[in-house]
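A.B. asks: You'll find work-v1.txt just under this line, and it carries compact mmCIF, C-alpha atoms and all ligand atoms.
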# COMPACT_ATOMS: atom_id res chain seq x y z
CA MET A 146 99.85 65.72 79.38
CA SER A 147 97.44 66.07 76.47
CA GLU A 148 97.92 68.93 74.03
CA GLU A 149 94.51 70.32 74.98
CA LYS A 150 95.45 70.36 78.67
CA GLN A 151 98.76 72.05 77.88
CA LEU A 152 96.97 74.70 75.83
CA ASN A 153 94.48 75.29 78.66
CA LEU A 154 97.30 75.75 81.17
CA PHE A 155 99.05 78.15 78.80
CA GLU A 156 95.89 80.23 78.37
CA THR A 157 95.28 80.34 82.13
CA ASP A 158 98.85 81.50 82.65
CA VAL A 159 98.60 84.26 80.03
CA ASN A 160 95.27 85.42 81.42
CA SER A 161 96.49 85.59 85.01
CA LYS A 162 99.58 87.55 83.90
CA LEU A 163 97.40 89.96 81.92
CA ARG A 164 94.96 90.56 84.75
CA LEU A 165 97.87 91.55 87.01
CA THR A 166 99.38 94.05 84.58
CA ASP A 167 96.61 95.39 82.36
CA PRO A 168 93.85 97.41 84.06
CA LYS A 169 91.63 96.82 81.04
CA THR A 170 91.70 93.07 81.51
CA PRO A 171 88.56 92.26 83.47
CA ILE A 172 88.71 90.19 86.63
CA LEU A 173 85.46 88.31 86.42
CA PRO A 174 83.24 87.61 89.43
CA GLY A 175 84.17 84.18 90.76
CA THR A 176 87.86 84.46 89.85
CA TYR A 177 88.84 84.01 93.51
CA LYS A 178 87.71 81.34 95.95
CA THR A 179 89.46 82.74 99.03
CA MET A 180 90.76 86.00 100.44
CA GLU A 181 94.21 84.39 100.39
CA GLU A 182 94.03 84.07 96.59
CA ILE A 183 93.13 87.76 96.31
CA LYS A 184 96.07 88.60 98.57
CA ASN A 185 98.47 86.53 96.45
CA ASP A 186 97.43 88.34 93.27
CA CYS A 187 97.44 91.80 94.90
CA GLU A 188 100.98 91.27 96.12
CA ARG A 189 102.09 90.81 92.51
CA CYS A 190 99.66 93.31 90.98
CA HIS A 191 100.72 96.13 88.67
CA ARG A 192 97.37 97.08 87.21
CA CYS A 193 98.25 100.64 88.30
CA ASP A 194 101.42 102.49 89.32
CA LEU A 195 100.74 102.17 93.05
CA GLY A 196 102.24 98.69 92.81
CA GLU A 197 105.69 100.22 92.17
CA ASN A 198 106.19 101.58 95.66
CA ARG A 199 104.22 99.37 98.01
CA THR A 200 105.81 97.51 100.91
CA ASN A 201 102.70 95.35 101.29
CA ALA A 202 99.40 95.11 99.50
CA VAL A 203 96.72 95.80 102.10
CA ILE A 204 93.83 93.40 101.63
CA GLY A 205 91.73 93.42 104.76
CA ARG A 206 91.41 92.72 108.43
CA GLY A 207 88.65 91.43 110.66
CA ASN A 208 86.25 88.58 110.10
CA PRO A 209 85.80 87.53 106.44
CA GLN A 210 82.42 86.08 107.46
CA ALA A 211 81.22 89.25 109.17
CA LYS A 212 77.80 90.72 108.45
CA ILE A 213 79.29 94.20 108.20
CA MET A 214 81.99 95.27 105.78
CA ILE A 215 83.70 98.65 106.01
CA VAL A 216 85.36 100.24 103.01
CA GLY A 217 87.86 103.06 103.47
CA GLU A 218 89.98 105.02 101.05
CA GLY A 219 93.45 103.51 100.89
CA PRO A 220 96.39 102.44 103.03
CA GLY A 221 98.60 104.99 104.78
CA GLN A 222 102.19 104.52 105.88
CA GLN A 223 101.51 102.23 108.83
CA GLU A 224 99.04 100.15 106.84
CA ASP A 225 101.60 99.79 104.03
CA GLU A 226 104.26 98.70 106.52
CA ARG A 227 102.05 96.21 108.33
CA GLY A 228 99.94 95.00 105.42
CA LEU A 229 96.71 95.67 107.33
CA PRO A 230 94.07 98.37 106.85
CA PHE A 231 93.21 100.99 109.45
CA VAL A 232 95.97 100.26 111.94
CA GLY A 233 97.18 103.86 112.36
CA ARG A 234 95.47 106.68 114.28
CA SER A 235 92.37 106.59 112.08
CA GLY A 236 92.08 102.86 112.62
CA GLN A 237 92.40 103.16 116.38
CA LEU A 238 89.60 105.70 116.40
CA LEU A 239 87.50 103.52 114.11
CA ASP A 240 87.93 100.58 116.50
CA LYS A 241 86.86 102.77 119.43
CA ILE A 242 83.77 104.02 117.61
CA LEU A 243 82.82 100.45 116.72
CA GLU A 244 83.30 99.37 120.35
CA SER A 245 80.94 102.17 121.45
CA VAL A 246 78.12 100.21 119.78
CA GLU A 247 79.48 96.84 120.85
CA LEU A 248 81.02 95.94 117.54
CA ASN A 249 84.43 94.37 117.71
CA SER A 250 86.71 95.00 114.74
CA ASP A 251 88.14 91.45 114.78
CA ARG A 252 84.83 89.66 115.23
CA ASP A 253 82.00 91.76 113.81
CA VAL A 254 83.36 93.51 110.72
CA PHE A 255 85.63 92.99 107.77
CA ILE A 256 87.60 96.10 106.80
CA SER A 257 89.04 96.91 103.39
CA ASN A 258 89.71 99.92 101.16
CA ALA A 259 88.96 101.38 97.73
CA VAL A 260 92.62 100.71 96.79
CA ARG A 261 94.97 98.06 98.19
CA CYS A 262 98.29 99.90 97.78
CA ARG A 263 99.43 103.12 99.43
CA PRO A 264 99.19 106.28 97.31
CA PRO A 265 102.40 108.37 97.55
CA GLN A 266 102.33 110.99 100.34
CA ASN A 267 98.88 109.65 101.25
CA ARG A 268 97.27 111.54 98.39
CA THR A 269 93.74 110.63 97.34
CA PRO A 270 93.80 107.63 95.00
CA LEU A 271 93.29 108.58 91.35
CA VAL A 272 90.18 107.57 89.44
CA LYS A 273 92.28 105.19 87.30
CA GLU A 274 93.86 103.60 90.38
CA ILE A 275 90.45 103.07 91.96
CA ALA A 276 89.13 101.59 88.70
CA ALA A 277 92.11 99.25 88.34
CA CYS A 278 91.67 98.00 91.91
CA LYS A 279 87.88 97.81 91.93
CA PRO A 280 87.60 94.18 90.78
CA TYR A 281 89.51 93.10 93.89
CA LEU A 282 87.10 95.05 96.09
CA LEU A 283 84.12 93.54 94.28
CA GLU A 284 85.55 90.05 94.74
CA GLN A 285 86.10 90.75 98.44
CA ILE A 286 82.50 91.90 98.79
CA ARG A 287 81.31 88.80 96.94
CA LEU A 288 83.31 86.51 99.25
CA VAL A 289 82.38 88.25 102.51
CA ASN A 290 78.76 88.65 101.35
CA PRO A 291 78.01 91.29 104.01
CA LYS A 292 74.49 92.31 104.97
CA ILE A 293 75.65 95.90 105.49
CA ILE A 294 78.45 97.89 103.85
CA LEU A 295 79.72 101.04 105.54
CA LEU A 296 81.41 103.42 103.13
CA SER A 297 83.83 105.53 105.10
CA GLY A 298 84.36 108.88 103.37
CA ALA A 299 83.42 110.30 99.98
CA VAL A 300 86.19 108.43 98.15
CA ALA A 301 84.80 105.06 99.25
CA VAL A 302 81.25 106.09 98.33
CA LYS A 303 82.31 107.21 94.87
CA ALA A 304 84.60 104.21 94.34
CA LEU A 305 81.88 101.68 94.99
CA THR A 306 78.64 103.35 93.96
CA GLY A 307 79.73 106.19 91.66
CA ASP A 308 77.77 108.64 93.84
CA ARG A 309 79.73 111.90 93.82
CA ARG A 310 77.84 113.78 96.52
CA GLY A 311 79.71 115.18 99.49
CA ILE A 312 79.85 112.95 102.55
CA SER A 313 78.21 115.55 104.83
CA LYS A 314 75.14 115.44 102.55
CA ILE A 315 74.70 111.69 102.50
CA ARG A 316 76.20 110.32 105.72
CA GLY A 317 73.78 108.36 107.83
CA GLN A 318 71.41 107.66 104.94
CA TRP A 319 70.83 104.06 103.93
CA MET A 320 71.35 103.45 100.24
CA GLU A 321 71.16 100.38 98.08
CA TRP A 322 73.98 99.26 95.83
CA GLU A 323 73.65 96.07 93.82
CA GLY A 324 70.93 94.88 96.18
CA ARG A 325 73.09 95.47 99.25
CA LEU A 326 72.38 97.82 102.11
CA CYS A 327 75.04 100.52 102.37
CA MET A 328 75.56 103.50 104.60
CA PRO A 329 78.00 106.33 103.93
CA ILE A 330 79.75 107.44 107.12
CA PHE A 331 82.46 109.97 107.87
CA HIS A 332 86.07 108.91 107.51
CA PRO A 333 87.74 108.65 110.94
CA ALA A 334 90.58 110.96 109.77
CA TYR A 335 87.95 113.70 109.48
CA LEU A 336 86.91 113.08 113.07
CA LEU A 337 90.53 113.35 114.20
CA ARG A 338 90.54 116.88 112.76
CA ASN A 339 87.18 117.71 114.38
CA SER A 340 87.36 116.45 117.92
CA SER A 341 84.27 118.12 119.46
CA LYS A 342 81.63 115.67 120.69
CA GLU A 343 78.91 118.35 120.91
CA PRO A 344 75.55 117.42 119.35
CA GLY A 345 75.59 118.17 115.63
CA GLN A 346 79.38 117.92 115.38
CA PRO A 347 81.00 115.21 113.20
CA LYS A 348 81.90 112.88 116.10
CA TRP A 349 78.39 113.05 117.49
CA LEU A 350 76.90 112.47 114.01
CA MET A 351 79.17 109.46 113.51
CA TRP A 352 77.94 108.00 116.77
CA GLN A 353 74.32 108.50 115.66
CA ASP A 354 75.13 106.70 112.41
CA LEU A 355 76.79 103.77 114.14
CA GLN A 356 73.83 103.44 116.48
CA ALA A 357 71.56 103.21 113.43
CA VAL A 358 73.86 100.51 112.02
CA ARG A 359 73.74 98.59 115.32
CA ALA A 360 69.93 98.78 115.32
CA LYS A 361 69.75 97.56 111.72
CA LEU A 362 72.09 94.66 112.48
CA ASP A 363 69.98 93.67 115.50
CA GLU A 364 66.86 93.82 113.31
CA LEU A 365 68.50 91.63 110.65
CA ASN A 366 69.63 89.16 113.31
CA LYS A 367 66.10 88.72 114.73
N1 LIG A 401 92.65 105.42 105.91
C1 LIG A 401 91.97 104.61 105.07
O1 LIG A 401 91.08 105.04 104.37
N2 LIG A 401 92.30 103.34 105.03
C2 LIG A 401 93.26 102.81 105.78
O2 LIG A 401 93.49 101.60 105.68
C3 LIG A 401 93.95 103.66 106.65
C4 LIG A 401 93.63 104.97 106.71
So that I can check it, write out the structure of this file as structure tokens.
C.D. replies:
Amino acid sequence: MSEEKQLNLFETDVNSKLRLTDPKTPILPGTYKTMEEIKNDCERCHRCDLGENRTNAVIGRGNPQAKIMIVGEGPGQQEDERGLPFVGRSGQLLDKILESVELNSDRDVFISNAVRCRPPQNRTPLVKEIAACKPYLLEQIRLVNPKIILLSGAVAVKALTGDRRGISKIRGQWMEWEGRLCMPIFHPAYLLRNSSKEPGQPKWLMWQDLQAVRAKLDELNK
């Protein structure tokens, strides 16, 4: 092997080690060609302390070619154990809500989170953890290239767009982020704590929002 080739390999190796350990090392757009490559790196990632205690890095589930991407907050215990997002009670409710507007969570959406490793005791991910993990989310969005992004809960909204407003204020309103159509929606865990389906209540509002998403998707598909 030529010296130049050896040097190139060495530099690539150093850079990939750095990007997995140093949150200040950027992960440039185009670093990954497949979701599998993102998964491989996330499983070895220590850009933040969440990597110390994970069972599995939780990358995504659903269809990586879907027109809709959903971003949540971060994995809980069941997600950590299974290596898949939204597979606990919140996830079951999310699937049901999607089905109510004829969206199937395996076929019609790709689901991911602001962070890919479980925060201890399911606490909210810290700003530095979200920042360290954000390049993976951005790469996932780039690969999926969704027409619509649903931001589930205030943490997801802030993680992606920086918008710090409360979710009750902004849910159901279309917003643009980096030229993409996004809608903040409630987090399903919030709906589990507020089970009334009466008009004006969170579950009812969520259903209104998902109907608006369905209508937008149908319009885009025309
Ligand atoms: N809550 C989230 O925000 N994400 C998950 O993956 C599970 C629960």
A.B. asks: Go through chain A and flag each residue having an atom no more than 6 Å from ligand LIG 401 (chain A); for those, report the closest pair of atoms plus their distance in Å to one decimal, using all atoms listed in the file, ordered by chain and rising number, as a tab-separated table.
C.D. replies:
residue	atom	partner	partner_atom	distance
A:Gly217	CA	A:LIG401	O1	3.9
A:Glu218	CA	A:LIG401	O1	3.5
A:Gly219	CA	A:LIG401	N2	4.3
A:Pro220	CA	A:LIG401	O2	4.0
A:Gly221	CA	A:LIG401	C3	5.2
A:Glu224	CA	A:LIG401	O2	5.9
A:Pro230	CA	A:LIG401	O2	3.5
A:Phe231	CA	A:LIG401	O2	3.8
A:Ser235	CA	A:LIG401	C4	5.7
A:Asn258	CA	A:LIG401	N2	5.8
A.B. asks: Taking all atoms listed in the file into account, name the residue in A:Gln353, A:Thr200, A:Asn366, A:Ser257 that is nearest to Glu284 (chain A).
C.D. replies: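 For Glu284 (chain A), the nearest of the candidates is A:Ser257.
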A.B. asks: Could you state the separation of CA of Leu288 (chain A) and CA of Trp352 (chain A) in Å, given to one decimal place?
C.D. replies: 28.2 Å
A.B. asks: Counting all atoms listed in the file, figure out which residue out of A:Arg287, A:Arg359, A:Lys367, A:Lys292 gets nearest to Glu244 (chain A).
C.D. replies: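 Distance minimum relative to Glu244 (chain A) lands on A:Arg359.
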A.B. asks: A:Val300, A:Leu248, A:Met328, A:Leu154: which is nearest Val260 (chain A), counting all atoms listed in the file?
C.D. replies: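 Closest to Val260 (chain A) of all the choices is A:Val300.
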A.B. asks: Using all atoms listed in the file, what residues lie at most 9 Å away from (80.0, 99.9, 105.2) (file coordinates), given as JSON, numbers by chain?
C.D. replies: {"A": [213, 214, 215, 216, 217, 256, 291, 293, 294, 295, 296, 297, 326, 327, 328, 329, 330]}
A.B. asks: Take the residues from that selection and put them in a file with C-alpha atoms, as a tab-separated table (two decimals), in the frame of the given file.
C.D. replies:
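Generated file (result-v5.tsv):
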chain	number	residue	atom	x	y	z
A	213	ILE	CA	79.29	94.20	108.20
A	214	MET	CA	81.99	95.27	105.78
A	215	ILE	CA	83.70	98.65	106.01
A	216	VAL	CA	85.36	100.24	103.01
A	217	GLY	CA	87.86	103.06	103.47
A	256	ILE	CA	87.60	96.10	106.80
A	291	PRO	CA	78.01	91.29	104.01
A	293	ILE	CA	75.65	95.90	105.49
A	294	ILE	CA	78.45	97.89	103.85
A	295	LEU	CA	79.72	101.04	105.54
A	296	LEU	CA	81.41	103.42	103.13
A	297	SER	CA	83.83	105.53	105.10
A	326	LEU	CA	72.38	97.82	102.11
A	327	CYS	CA	75.04	100.52	102.37
A	328	MET	CA	75.56	103.50	104.60
A	329	PRO	CA	78.00	106.33	103.93
A	330	ILE	CA	79.75	107.44	107.12
A.B. asks: Separation of CA of Ile183 (chain A) and CA of Gly307 (chain A), in Å?
C.D. replies: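 Straight-line distance from CA of Ile183 (chain A) to CA of Gly307 (chain A) works out to 23.3 Å.
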A.B. asks: Considering only C-alpha atoms, can you say which of A:Phe155, A:Trp319, A:Phe255, A:Tyr281 comes closest to Val358 (chain A)?
C.D. replies: A:Trp319
A.B. asks: Please report the interatomic distance between CA of Gly298 (chain A) and CA of Pro264 (chain A) in Å with one decimal.
C.D. replies: 16.2 Å
A.B. asks: For each of A:Asn267, A:Asn339, A:Gln285, A:Gln318, take the minimum atom-to-atom distance to Gly205 (chain A), counting all atoms listed in the file, then give the residue where this is smallest.
C.D. replies: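 Of all the options, A:Gln285 lies closest to Gly205 (chain A).
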A.B. asks: Would you kindly return, as number ranges by chain, each protein, DNA or RNA residue with an atom no farther than 7 Å from any atom of Gln223 (chain A), considering only C-alpha atoms and excluding same-chain residues fewer than 3 positions away?
C.D. replies: A: 226-227, 232-233
A.B. asks: Please determine, counting all atoms listed in the file, which residue among A:Gly196, A:Glu274, A:Pro347, A:Ser147 has the shortest atom-to-atom distance to Ile312 (chain A).
C.D. replies: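 Nearest to Ile312 (chain A): A:Pro347.
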A.B. asks: Tell me, as a list of chain:residue names, which residues lie within 7 Å of Asp251 (chain A), counting all atoms listed in the file; anything in the same chain fewer than 3 positions away does not count.
C.D. replies: A:Gly207, A:Asn208, A:Val254
A.B. asks: With C-alpha atoms kept, could you save the residues just selected as a PDB file, in the frame of the given file?
C.D. replies:
ATOM      1  CA  GLY A 207      88.650  91.430 110.660  1.00  0.00           C
ATOM      2  CA  ASN A 208      86.250  88.580 110.100  1.00  0.00           C
ATOM      3  CA  VAL A 254      83.360  93.510 110.720  1.00  0.00           C
TER       4      VAL A 254
END
A.B. asks: With all atoms listed in the file as the counted atoms, please give the residues lying no more than 12 Å from Tyr177 (chain A), apart from itself and same-chain residues fewer than 4 positions off, as a PyMOL selection string.
C.D. replies: chain A and resi 161+172-173+181-187+280-289
A.B. asks: Keeping only C-alpha atoms, take the residues you just selected and write them out as a short mmCIF file (atom, residue, chain, number, x, y, z; two decimals), in the frame of the given file.
C.D. replies:
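Output file result15.cif is given in full below:
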data_model
loop_
_atom_site.label_atom_id
_atom_site.label_comp_id
_atom_site.auth_asym_id
_atom_site.auth_seq_id
_atom_site.Cartn_x
_atom_site.Cartn_y
_atom_site.Cartn_z
CA SER A 161 96.49 85.59 85.01
CA ILE A 172 88.71 90.19 86.63
CA LEU A 173 85.46 88.31 86.42
CA GLU A 181 94.21 84.39 100.39
CA GLU A 182 94.03 84.07 96.59
CA ILE A 183 93.13 87.76 96.31
CA LYS A 184 96.07 88.60 98.57
CA ASN A 185 98.47 86.53 96.45
CA ASP A 186 97.43 88.34 93.27
CA CYS A 187 97.44 91.80 94.90
CA PRO A 280 87.60 94.18 90.78
CA TYR A 281 89.51 93.10 93.89
CA LEU A 282 87.10 95.05 96.09
CA LEU A 283 84.12 93.54 94.28
CA GLU A 284 85.55 90.05 94.74
CA GLN A 285 86.10 90.75 98.44
CA ILE A 286 82.50 91.90 98.79
CA ARG A 287 81.31 88.80 96.94
CA LEU A 288 83.31 86.51 99.25
CA VAL A 289 82.38 88.25 102.51
#
